[in-house]
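Asks: There's a structure below that I have some questions on.
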Amino acid sequence: MRQSPDPNPAQSPASQHHYWSLVQRVSSSTALRNSPRLLQLLRYLCEQALTAPDRFISEQQIGTDVFERGLGYNSDGDTIVRTQISQLRKRLLQYFLTEGRDEPITIEIPVGSYLPLFQPRKEQVRQPLNDSVGPTPPARVPRLRTIPSALWVAIAALVVLCGWLAWQNVRLREQRVASAPGSPFVDHLWKQLFDNGRQTYIVASDANAMFFSDFMDRPITLNEYRDEGYPNNLVNARIGDPEARRILSHFMSTFFTGSQDAFAVARLTETGKKNRIPTTVVYARNFRWQTPEDNVILLGHLKANPWVELFDNRLNFSYEWHLEARKGILRNRHPKGGESESYQWNVPSNSTYATLSYVPTSDGRVLIIGGTDMTAVDAGSRFLCDEEAVHKLHSALGIDLGQPVPHFEALVVARRARNVSYEPQLISVRILETQVVASQTQRH
């Protein structure tokens, strides 16, 4: 039987629990009070945890009780519960790092679970025994000596991911996933784009920037990213507690990228090697245009690779971050007949949209592989190294192997399983008639 959230939580059994006052303080915080859906989800989950902590709660149950989904709905295609739980974890972390930094008890939703945990801060320590007569006032314990475990879990996961990426990169290189022998259209495309005797830099995305962008509810701007004080200036502006600032500053000073970039880099470097195009892989934070004539491949959308800001707002297919929906949307600024005005990750389910933008500049050549999400980087690189796919791109551009490749934008849709894409298909092409040029003042 469907159970709706108690419309009057003050009268619910959970309201008698001594932790309920903490739930109310979190609910009235700036992190949550303007998000009715997340507020409803928090209260529902806390009621379940406080009244029946041993009861199993499923994704489908939350979907029906909180988000008014039908009984037995398909949670594989409808990811609202997972998306909202992820956002709630971030809001709870935000509260206990800022307004709630003095709270002795924290609320966390462990990864892999839907029930919140109420637990003391880990920095609380046992007082030493004192043999002197009379009571001894407790020693003052420094606040927030450790960061909440939710962030430690995120940091640990990224560390594990980094090692896995290194292994995957080696494995993919060993398999030599370059385009197959006898690939005239792939060879033609690559030689047209980058065979000009210049170095080609593949600029990998910055997973740390994505993490902090989620924390700030907006992308990091290129000016912020290139500032000499990055990332400390942003961390200091957003985090009030000195110890939390120290730990986050250390985390933001590390270098992580996504698994999709590992797949893309392996394909792109092998294809470049096959066509005798020298390539160098550079992390986004370390990248600078050393000489104006260099060729550049930017991996990722605006949130993942701030360098994309130089071009993104001047392209037809542009990435936009929507604060209210808390997700990125690919905007189609000038839809053609039968095209959508926007494209979203996982709509339809198990799909991703990649953008391939070969843009003219005043000096070198730039290719941007972006899209709705980071799986799009895998999809876009797969498309560019596939003979059949590139043959279709030539046809859509109206060129053959004897003609130059014009500057273009292409929209590709692919199926996905987790973070891996397959079967990329071309759905739209634009030939760029005017230059999309990054200014020299922004580059250097």
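Quick note on naming: the chains in the structure tokens go A, B, ... in the order shown, residues restart at 1 in each chain, and ligands are numbered from 1 in order of appearance.
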Env of A:Arg382: 12 Å cut, atoms = only C-alpha atoms, seq-sep filter 3 positions within chain, self excluded. Answer as an MDAnalysis selection string.
Replies: chainID A and resid 177:179 186 260:261 263:268 271 354 356 369 375:379 385:390 412:415 420:426
Asks: Could those residues be written to a file, using N, CA and C atoms, as a short mmCIF file (atom, residue, chain, number, x, y, z; two decimals), in the first residue's frame?
Replies:
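Saved result, result-v6.cif, follows:
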data_model
loop_
_atom_site.label_atom_id
_atom_site.label_comp_id
_atom_site.auth_asym_id
_atom_site.auth_seq_id
_atom_site.Cartn_x
_atom_site.Cartn_y
_atom_site.Cartn_z
N VAL A 177 43.39 0.67 -30.15
CA VAL A 177 42.03 0.90 -30.62
C VAL A 177 41.98 1.96 -31.71
N ALA A 178 43.03 2.11 -32.41
CA ALA A 178 43.00 3.05 -33.54
C ALA A 178 42.08 2.53 -34.63
N SER A 179 41.76 3.42 -35.55
CA SER A 179 40.91 3.01 -36.65
C SER A 179 41.55 1.88 -37.43
N VAL A 186 38.46 8.24 -42.25
CA VAL A 186 39.06 8.67 -40.99
C VAL A 186 40.40 9.33 -41.26
N GLN A 260 35.87 8.46 -19.06
CA GLN A 260 35.55 8.73 -20.45
C GLN A 260 36.72 9.40 -21.17
N ASP A 261 37.44 10.26 -20.45
CA ASP A 261 38.62 10.89 -21.05
C ASP A 261 39.71 9.87 -21.34
N PHE A 263 39.28 6.73 -22.20
CA PHE A 263 38.91 6.05 -23.44
C PHE A 263 39.20 6.95 -24.65
N ALA A 264 38.80 8.22 -24.52
CA ALA A 264 38.96 9.15 -25.64
C ALA A 264 40.44 9.38 -25.96
N VAL A 265 41.24 9.60 -24.93
CA VAL A 265 42.66 9.86 -25.16
C VAL A 265 43.32 8.67 -25.85
N ALA A 266 42.97 7.45 -25.43
CA ALA A 266 43.57 6.27 -26.06
C ALA A 266 43.23 6.22 -27.54
N ARG A 267 41.97 6.49 -27.88
CA ARG A 267 41.57 6.46 -29.31
C ARG A 267 42.26 7.56 -30.10
N LEU A 268 42.22 8.76 -29.55
CA LEU A 268 42.72 9.92 -30.29
C LEU A 268 44.23 9.86 -30.50
N THR A 271 44.96 7.14 -33.13
CA THR A 271 44.61 7.59 -34.47
C THR A 271 45.60 8.64 -34.97
N ALA A 354 26.54 13.85 -28.00
CA ALA A 354 27.88 14.41 -28.14
C ALA A 354 27.88 15.51 -29.19
N LEU A 356 30.54 17.65 -31.74
CA LEU A 356 31.87 17.73 -32.36
C LEU A 356 31.95 19.08 -33.06
N ILE A 369 35.23 18.24 -28.25
CA ILE A 369 34.38 17.06 -28.09
C ILE A 369 33.63 17.23 -26.78
N THR A 375 29.94 11.16 -20.61
CA THR A 375 29.92 9.99 -21.49
C THR A 375 29.94 10.42 -22.95
N ALA A 376 29.49 11.65 -23.21
CA ALA A 376 29.51 12.18 -24.58
C ALA A 376 30.94 12.28 -25.12
N VAL A 377 31.93 12.48 -24.24
CA VAL A 377 33.32 12.53 -24.70
C VAL A 377 33.72 11.17 -25.27
N ASP A 378 33.32 10.11 -24.60
CA ASP A 378 33.57 8.76 -25.11
C ASP A 378 32.86 8.56 -26.45
N ALA A 379 31.60 8.99 -26.53
CA ALA A 379 30.82 8.82 -27.76
C ALA A 379 31.43 9.62 -28.92
N CYS A 385 36.76 8.15 -34.71
CA CYS A 385 37.73 7.11 -35.05
C CYS A 385 37.07 5.92 -35.73
N ASP A 386 35.80 6.05 -36.11
CA ASP A 386 35.06 4.96 -36.75
C ASP A 386 34.88 5.27 -38.24
N GLU A 387 35.31 4.36 -39.10
CA GLU A 387 35.29 4.61 -40.54
C GLU A 387 33.88 4.85 -41.07
N GLU A 388 32.93 4.02 -40.68
CA GLU A 388 31.56 4.17 -41.18
C GLU A 388 30.95 5.49 -40.72
N ALA A 389 31.18 5.85 -39.46
CA ALA A 389 30.62 7.10 -38.93
C ALA A 389 31.20 8.31 -39.64
N VAL A 390 32.52 8.32 -39.84
CA VAL A 390 33.16 9.46 -40.50
C VAL A 390 32.77 9.53 -41.98
N VAL A 412 25.77 14.21 -32.28
CA VAL A 412 25.78 12.75 -32.34
C VAL A 412 25.00 12.21 -31.15
N VAL A 413 24.18 11.21 -31.37
CA VAL A 413 23.50 10.52 -30.28
C VAL A 413 24.08 9.12 -30.17
N ALA A 414 24.22 8.64 -28.95
CA ALA A 414 24.77 7.30 -28.73
C ALA A 414 24.03 6.64 -27.58
N ARG A 415 23.99 5.34 -27.62
CA ARG A 415 23.49 4.58 -26.48
C ARG A 415 24.59 4.49 -25.46
N VAL A 420 30.01 4.17 -20.42
CA VAL A 420 30.55 3.72 -21.70
C VAL A 420 29.48 3.90 -22.77
N SER A 421 29.87 4.45 -23.91
CA SER A 421 28.93 4.66 -25.01
C SER A 421 29.16 3.65 -26.12
N TYR A 422 28.16 3.48 -26.96
CA TYR A 422 28.30 2.61 -28.12
C TYR A 422 27.26 3.02 -29.16
N GLU A 423 27.53 2.62 -30.41
CA GLU A 423 26.66 2.90 -31.55
C GLU A 423 26.37 4.39 -31.72
N PRO A 424 27.40 5.25 -31.83
CA PRO A 424 27.14 6.68 -32.08
C PRO A 424 26.57 6.91 -33.47
N GLN A 425 25.55 7.76 -33.55
CA GLN A 425 24.88 8.04 -34.81
C GLN A 425 24.80 9.55 -35.04
N LEU A 426 25.11 9.96 -36.25
CA LEU A 426 25.04 11.38 -36.61
C LEU A 426 23.59 11.80 -36.80
#
Asks: Which residues of stretch 289-309 of chain A come within 12 Å of stretch 321-327 of chain A, and what is each one's closest atom pair and distance in Å (one decimal), counting only C-alpha atoms, sorted by chain and residue number, as a tab-separated table?
Replies:
residue	atom	partner	partner_atom	distance
A:His301	CA	A:Trp321	CA	10.3
A:Leu302	CA	A:Trp321	CA	8.7
A:Lys303	CA	A:Trp321	CA	8.2
A:Ala304	CA	A:Trp321	CA	11.6
Asks: List the spatial neighbours of A:Ser253 as a ChimeraX atom specification - criterion: any atom at most 10 Å away, only C-alpha atoms, same-chain residues fewer than 3 positions off excluded.
Replies: /A:208,230-232,247-250,256,285
Asks: For the residues in that selection, give me N, CA and C atoms as a compact mmCIF listing (two decimals), in the first residue's frame.
Replies:
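Just written: result-v1.txt:
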# COMPACT_ATOMS: atom_id res chain seq x y z
N ASN A 208 38.05 17.59 -10.74
CA ASN A 208 37.99 18.41 -9.54
C ASN A 208 37.15 19.67 -9.78
N TYR A 230 43.77 30.29 -7.89
CA TYR A 230 42.91 29.10 -8.00
C TYR A 230 43.69 27.88 -7.51
N PRO A 231 43.04 26.96 -6.77
CA PRO A 231 41.63 26.95 -6.37
C PRO A 231 41.36 27.59 -5.01
N ASN A 232 42.43 28.04 -4.32
CA ASN A 232 42.25 28.50 -2.94
C ASN A 232 41.29 29.68 -2.82
N ILE A 247 41.44 21.09 4.03
CA ILE A 247 41.27 19.77 3.42
C ILE A 247 40.76 19.91 1.99
N LEU A 248 39.78 20.80 1.77
CA LEU A 248 39.26 20.99 0.43
C LEU A 248 40.32 21.60 -0.50
N SER A 249 41.13 22.51 0.03
CA SER A 249 42.19 23.09 -0.79
C SER A 249 43.18 22.01 -1.22
N HIS A 250 43.48 21.09 -0.30
CA HIS A 250 44.38 20.00 -0.67
C HIS A 250 43.75 19.11 -1.73
N PHE A 256 42.55 14.98 -11.21
CA PHE A 256 41.75 13.83 -11.60
C PHE A 256 41.01 14.14 -12.90
N ARG A 285 44.08 22.06 -16.28
CA ARG A 285 44.63 23.09 -15.40
C ARG A 285 46.05 23.49 -15.79
Asks: Hey, what does DSSP flag as strand (DSSP E) within stretch 270-408 of chain A? Can you give it to me as a count of residues only?
Replies: 43
Asks: So, counting only C-alpha atoms, which residue among A:Gln16, A:Ser183, A:Ser113, A:Gln94 is closest to A:Arg55?
Replies: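 For A:Arg55, the nearest of the candidates is A:Ser113.
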Asks: Given the choices A:Gly328, A:Asp294, A:Ile202, A:Glu108, which gets closest to A:Asp217 if the distance is worked out from only C-alpha atoms?
Replies: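 Once distances to A:Asp217 are computed over only C-alpha atoms, the minimum belongs to A:Gly328.
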Asks: Please determine, counting only C-alpha atoms, which residue among A:Pro53, A:Pro404, A:Pro306, A:Pro13 has the shortest atom-to-atom distance to A:Ile220.
Replies: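 Selected residue with least distance to A:Ile220: A:Pro306.
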Asks: Write out as a PyMOL selection string all residues of stretch 239-326 of chain A that backbone DSSP assigns to alpha helix (DSSP H).
Replies: chain A and resi 242-252+259-274+309-312
Asks: May I ask which of the residues A:Ile57, A:Val26, A:Leu234, A:Val347 is the closest one to A:Glu103, counting only C-alpha atoms?
Replies: A:Val26
Asks: Applying 10 Å and only C-alpha atoms, which residues near A:Asp195 remain after dropping the ones on its own chain fewer than 6 positions away? List them as an MDAnalysis selection string.
Replies: chainID A and resid 188:189 272 275:278 295
Asks: Would you mind listing what lies within 12 Å of A:Ala31 as a list in words, with only C-alpha atoms counted and same-chain residues fewer than 5 positions away left out?
Replies: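 Skipping anything fewer than 5 positions along the chain leaves Arg25, Val26, Pro36, Leu38, Leu39, Leu42, Gln87, Leu88, Arg89, Lys90, Arg91, Leu92, Leu93, Gln94, Tyr95, Phe96, Leu97, Thr98, Glu99, Gly100, Phe215, Met216 and Asp217 of chain A.
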Asks: I need the residues from that last selection saved to file as an mmCIF file, in the first residue's frame (with N, CA, C and O atoms), if you can.
Replies:
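In the end it all went to part18.cif:
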data_model
loop_
_atom_site.group_PDB
_atom_site.id
_atom_site.type_symbol
_atom_site.label_atom_id
_atom_site.label_comp_id
_atom_site.auth_asym_id
_atom_site.auth_seq_id
_atom_site.Cartn_x
_atom_site.Cartn_y
_atom_site.Cartn_z
ATOM 1 N N ARG A 25 16.433 22.013 11.870
ATOM 2 C CA ARG A 25 17.452 23.047 11.615
ATOM 3 C C ARG A 25 18.013 22.915 10.201
ATOM 4 O O ARG A 25 18.221 23.911 9.502
ATOM 5 N N VAL A 26 18.289 21.696 9.782
ATOM 6 C CA VAL A 26 18.778 21.481 8.423
ATOM 7 C C VAL A 26 17.733 21.932 7.410
ATOM 8 O O VAL A 26 18.045 22.557 6.394
ATOM 9 N N PRO A 36 11.890 22.830 -2.276
ATOM 10 C CA PRO A 36 10.788 22.065 -1.681
ATOM 11 C C PRO A 36 10.896 20.567 -1.914
ATOM 12 O O PRO A 36 10.591 19.771 -1.024
ATOM 13 N N LEU A 38 13.644 18.672 -2.424
ATOM 14 C CA LEU A 38 14.690 18.095 -1.586
ATOM 15 C C LEU A 38 14.297 18.131 -0.110
ATOM 16 O O LEU A 38 14.622 17.215 0.649
ATOM 17 N N LEU A 39 13.595 19.172 0.298
ATOM 18 C CA LEU A 39 13.133 19.279 1.677
ATOM 19 C C LEU A 39 12.158 18.156 2.005
ATOM 20 O O LEU A 39 12.235 17.516 3.070
ATOM 21 N N LEU A 42 14.159 14.903 2.254
ATOM 22 C CA LEU A 42 14.908 14.819 3.503
ATOM 23 C C LEU A 42 14.004 14.402 4.655
ATOM 24 O O LEU A 42 14.334 13.493 5.434
ATOM 25 N N GLN A 87 21.700 14.964 -5.093
ATOM 26 C CA GLN A 87 21.660 16.388 -4.766
ATOM 27 C C GLN A 87 21.501 16.604 -3.271
ATOM 28 O O GLN A 87 22.098 17.522 -2.698
ATOM 29 N N LEU A 88 20.700 15.751 -2.618
ATOM 30 C CA LEU A 88 20.498 15.888 -1.174
ATOM 31 C C LEU A 88 21.799 15.634 -0.422
ATOM 32 O O LEU A 88 22.097 16.325 0.563
ATOM 33 N N ARG A 89 22.583 14.656 -0.862
ATOM 34 C CA ARG A 89 23.885 14.414 -0.226
ATOM 35 C C ARG A 89 24.745 15.681 -0.262
ATOM 36 O O ARG A 89 25.396 16.042 0.710
ATOM 37 N N LYS A 90 24.749 16.353 -1.422
ATOM 38 C CA LYS A 90 25.568 17.562 -1.565
ATOM 39 C C LYS A 90 25.052 18.686 -0.671
ATOM 40 O O LYS A 90 25.838 19.420 -0.067
ATOM 41 N N ARG A 91 23.729 18.830 -0.569
ATOM 42 C CA ARG A 91 23.171 19.889 0.266
ATOM 43 C C ARG A 91 23.464 19.629 1.748
ATOM 44 O O ARG A 91 23.721 20.568 2.513
ATOM 45 N N LEU A 92 23.394 18.364 2.165
ATOM 46 C CA LEU A 92 23.731 18.037 3.552
ATOM 47 C C LEU A 92 25.197 18.348 3.839
ATOM 48 O O LEU A 92 25.539 18.913 4.885
ATOM 49 N N LEU A 93 26.070 17.973 2.904
ATOM 50 C CA LEU A 93 27.488 18.289 3.053
ATOM 51 C C LEU A 93 27.689 19.794 3.156
ATOM 52 O O LEU A 93 28.456 20.279 3.996
ATOM 53 N N GLN A 94 26.983 20.546 2.304
ATOM 54 C CA GLN A 94 27.100 21.998 2.323
ATOM 55 C C GLN A 94 26.680 22.560 3.678
ATOM 56 O O GLN A 94 27.345 23.445 4.234
ATOM 57 N N TYR A 95 25.581 22.044 4.237
ATOM 58 C CA TYR A 95 25.097 22.547 5.523
ATOM 59 C C TYR A 95 26.109 22.304 6.639
ATOM 60 O O TYR A 95 26.447 23.210 7.403
ATOM 61 N N PHE A 96 26.624 21.069 6.724
ATOM 62 C CA PHE A 96 27.500 20.731 7.841
ATOM 63 C C PHE A 96 28.906 21.313 7.676
ATOM 64 O O PHE A 96 29.685 21.305 8.621
ATOM 65 N N LEU A 97 29.223 21.819 6.488
ATOM 66 C CA LEU A 97 30.487 22.540 6.300
ATOM 67 C C LEU A 97 30.353 24.024 6.581
ATOM 68 O O LEU A 97 31.354 24.705 6.816
ATOM 69 N N THR A 98 29.120 24.544 6.544
ATOM 70 C CA THR A 98 28.924 25.995 6.676
ATOM 71 C C THR A 98 28.047 26.309 7.891
ATOM 72 O O THR A 98 28.551 26.389 9.013
ATOM 73 N N GLU A 99 26.744 26.473 7.700
ATOM 74 C CA GLU A 99 25.869 26.853 8.803
ATOM 75 C C GLU A 99 25.902 25.852 9.953
ATOM 76 O O GLU A 99 25.795 26.225 11.114
ATOM 77 N N GLY A 100 26.019 24.587 9.622
ATOM 78 C CA GLY A 100 25.973 23.550 10.649
ATOM 79 C C GLY A 100 27.323 23.049 11.090
ATOM 80 O O GLY A 100 27.436 21.927 11.588
ATOM 81 N N PHE A 215 29.345 21.844 -6.152
ATOM 82 C CA PHE A 215 29.247 22.434 -4.818
ATOM 83 C C PHE A 215 28.768 23.880 -4.896
ATOM 84 O O PHE A 215 27.997 24.341 -4.052
ATOM 85 N N MET A 216 29.225 24.620 -5.920
ATOM 86 C CA MET A 216 28.863 26.033 -6.057
ATOM 87 C C MET A 216 27.548 26.237 -6.804
ATOM 88 O O MET A 216 27.035 27.341 -6.855
ATOM 89 N N ASP A 217 27.013 25.165 -7.418
ATOM 90 C CA ASP A 217 25.795 25.265 -8.226
ATOM 91 C C ASP A 217 25.994 26.120 -9.477
ATOM 92 O O ASP A 217 25.045 26.692 -10.007
#
Asks: Using only C-alpha atoms, which protein or nucleic acid residues come within 6 Å of A:Ala284? Drop anything in the same chain fewer than 2 positions from it, and give the result as a list in words.
Replies: Val203, Ala204, Ser205, Asn286 and Phe287 of chain A
Asks: When distances are computed from only C-alpha atoms, which of A:Phe255, A:Tyr353, A:Tyr319, A:Phe408 shows the smallest separation from A:Phe211?
Replies: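 Looking only at the distances to A:Phe211, the closest residue turns out to be A:Phe255.
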Asks: Looking at only C-alpha atoms, which of A:Gly197, A:Gly63, A:Gly402, A:Pro120 is the one that sits closest to A:Gln84?
Replies: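 Of A:Gly197, A:Gly63, A:Gly402, A:Pro120, the one nearest A:Gln84 is A:Gly63, counting only C-alpha atoms.
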